[in-house]
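Asker: Take this structure first; my questions come after.
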Amino acid sequence: MDSSPFLLYTSKPLSLDVYEKFFSHFRSKEEIIKIWENDSNKENKCRDYLTQMYSVAFNLIGVISLTAKENNLLMWPHYAQEKGIQLKLRTSNLINSITENIENEKGEFLGLNPINYCQKLNPIDVHPYKTFFLPISYATNVKSNMWEYEDEWRILVSKNDMGVPHSKSGLNIIPDHIGNKENRKISYSKEIVEEICLGFNFIVARDFNIKRINDLEFEAQPLKGKYNYENYIKLLTYISDNLSDRLFYSGVKYELDDEQKLFLIRTKEKLEIKKINDETFHFTRTNNIIRLLE
């Protein structure tokens with residue numbers, strides 16, 4: 001339902017010149033006329049045109065999803081299975097940092113906007129628009145109000161030939177357009193990272209060899225042969241070299257309510273990291289715990 005091609009429709013058949021303008025780069029005039037005759041009518045409602053327009057648009061536009069809610073209990077299990085990481089970004093510098101890097105990569109920053117949450121997902125009529133930019137901007141900016149708890153903001157970035165994974169769509173047999181996967185990445189300065197927080201289950205015995213030194217100190221070594229072995233080493237090395245003063249660990253603790261009954265809350269604890277060798281890292285829990293409540 002999110003950013004769906006079904007959020008695009010047309011109230012009226014589209015003219016032949018619209019089809020010619022869109023298809024002229026990869027269809028002959030005879031083919032375009034045939035497509036238009038079969039597609040731009042009350043029965044098919046320009047669905048072929050809209051599907052193709054959608055694919056072309058998302059070959060040129062990528063979406064970055066962020067949340068304004070740091071402490072929502074649902075975000076960790078929904079998006080990181082408690083194993084991932086949380087980045088807290090300085091939004092005052094975020095746009096400038098991305099824009100500068102996008103220009104170097106021959107792309108375009110299209111905006112940072114809050115999601116519009118609504119009771120009904122009404123499709124947008126593309127008929128009045130001469131380009132797909134506004135309809136696609138709408139389609140990527142509306143979600144059911146059931147998702148309102150996320151308080152989501154989105155960045156739209158444009159680059160050439162990002163690729164389209166058609167095979168991820170249900171009952172779709174169109175081959176994937178591979179494109180250039182590197183164009184799906186953007187860069188920003190490490191200076192805008194205010195905090196990086198490891199999930200509660202980030203370091204587990206299934207993926208790491210863990211050696212406890214005492215109650216607060218331990219060493220962790222990613223297990224060779226595991227899927228994320230090299231990525232763990234790259235990430236932890238980068239944190240150790242660049243973000244060690246901004247590292248935290250997501251935990252839980254007991255507190256007492258007004259009736260002196262125990263209840264659990266999410267916490268964030270300052271964590272120290274030091275690289276020992278090419279694949280071993282030393283961690284120290286500081287007991288400097290921040291109490292997090294929604």
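As shown in the structure tokens, the chain order sets the letters A, B, ...; within each chain, residues go from 1, and ligands are also counted from 1 in the order they appear.
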Residues at most 12 Å from region 232-242 of chain A, counting only C-alpha atoms, excluding those fewer than 2 positions away in the same chain, as a PyMOL selection string?

Answerer: chain A and resi 83-85+87+189-198+202-203+207-208+220-224+226-230+244-248+271-283

Asker: Could you give me, as number ranges by chain, the residues within 7 Å of Asp151 (chain A), counting only C-alpha atoms and dropping anything in the same chain fewer than 2 positions from it?

Answerer: A: 67-69, 148-149, 153

Asker: Report, in Å to a single decimal, how far apart CA of Glu70 (chain A) and CA of Leu292 (chain A) are.

Answerer: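 Between these atoms lies a distance of 9.0 Å.
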
Asker: Select from region 60-259 of chain A everything DSSP, run on the backbone, classes as strand (DSSP E), then give the selection as a ChimeraX atom specification.

Answerer: /A:61-67,85-89,108-114,116-118,124-125,142-144,152-158,193-198,208-212,217-222,247-256

Asker: Find, counting only C-alpha atoms, the residue in A:Pro175, A:Gly107, A:Gly62, A:Pro128 that gets nearest to Leu14 (chain A).

Answerer: A:Pro128

Asker: I'd like the neighbourhood of Arg285 (chain A) as a PyMOL selection string, where a residue qualifies if any of its atoms comes within 12 Å (using only C-alpha atoms), though same-chain residues fewer than 4 positions away should be ignored.

Answerer: chain A and resi 212-219+247-251+268-273+289

Asker: Can you tell me which residues surround Ile32 (chain A) at a distance of at most 9 Å, considering only C-alpha atoms, apart from same-chain residues fewer than 6 positions away, and format the answer as a ChimeraX atom specification?

Answerer: /A:16,19-20,23-24

Asker: If we count only C-alpha atoms and set the cut-off at 9 Å, which residues sit around Ile95 (chain A), ignoring sequence neighbours fewer than 3 positions away in its own chain? Please answer as a list of chain:residue names.

Answerer: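 Listing them by chain and then by number gives A:Thr91, A:Ser92, A:Ile98, A:Thr99, A:Glu100, A:Phe109, A:Gly111, A:Leu112.
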
Asker: Please produce an output containing C-alpha atoms for each residue in the selection, written as a PDB file, in the first residue's frame.

Answerer:
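Contents of result_25.pdb, freshly written:
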ATOM      1  CA  THR A  91      18.912  17.231  11.124  1.00  0.00           C
ATOM      2  CA  SER A  92      20.193  20.819  11.084  1.00  0.00           C
ATOM      3  CA  ILE A  98      23.410  15.000   1.546  1.00  0.00           C
ATOM      4  CA  THR A  99      23.007  17.787  -1.024  1.00  0.00           C
ATOM      5  CA  GLU A 100      26.748  18.386  -1.265  1.00  0.00           C
ATOM      6  CA  PHE A 109      18.124  16.204  -3.687  1.00  0.00           C
ATOM      7  CA  GLY A 111      13.382  17.182  -0.395  1.00  0.00           C
ATOM      8  CA  LEU A 112      12.891  16.151   3.218  1.00  0.00           C
TER       9      LEU A 112
END

Asker: Where does DSSP see helix (DSSP H, G or I) in region 55-283 of chain A, if you list the residues as a VMD selection string?

Answerer: chain A and resid 55 to 60 75 to 80 91 to 104 133 to 139 145 to 150 166 to 168 181 to 184 190 to 192 229 to 242 244 to 246

Asker: Using only C-alpha atoms, find each residue in region 120-195 of chain A having at least one atom no more than 12 Å away from region 38-49 of chain A; report its shortest atom-to-atom pair and that distance in Å (one decimal), rows by chain then rising number, as a tab-separated table.

Answerer:
residue	atom	partner	partner_atom	distance
A:Asp125	CA	A:Lys45	CA	11.4
A:Val126	CA	A:Cys46	CA	10.4
A:His127	CA	A:Cys46	CA	10.3
A:Phe132	CA	A:Tyr49	CA	11.3

Asker: Can you work out the spacing between CA of Asp2 (chain A) and CA of Val18 (chain A) in Å, to one decimal?

Answerer: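 About the pair CA of Asp2 (chain A) and CA of Val18 (chain A): they are 26.3 Å apart.
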
Asker: Gln81 (chain A): which residues within 10 Å, counting only C-alpha atoms, same-chain residues fewer than 3 positions away excluded, as a VMD selection string?

Answerer: chain A and resid 74 to 78 84 to 85 199 to 202

Asker: Residues at most 8 Å from Ile102 (chain A), counting only C-alpha atoms, excluding those fewer than 6 positions away in the same chain, as an MDAnalysis selection string?

Answerer: chainID A and resid 108:109 186:187

Asker: Hey, can you check how far CA of Glu152 (chain A) sits from CA of Val63 (chain A)?

Answerer: 11.9 Å
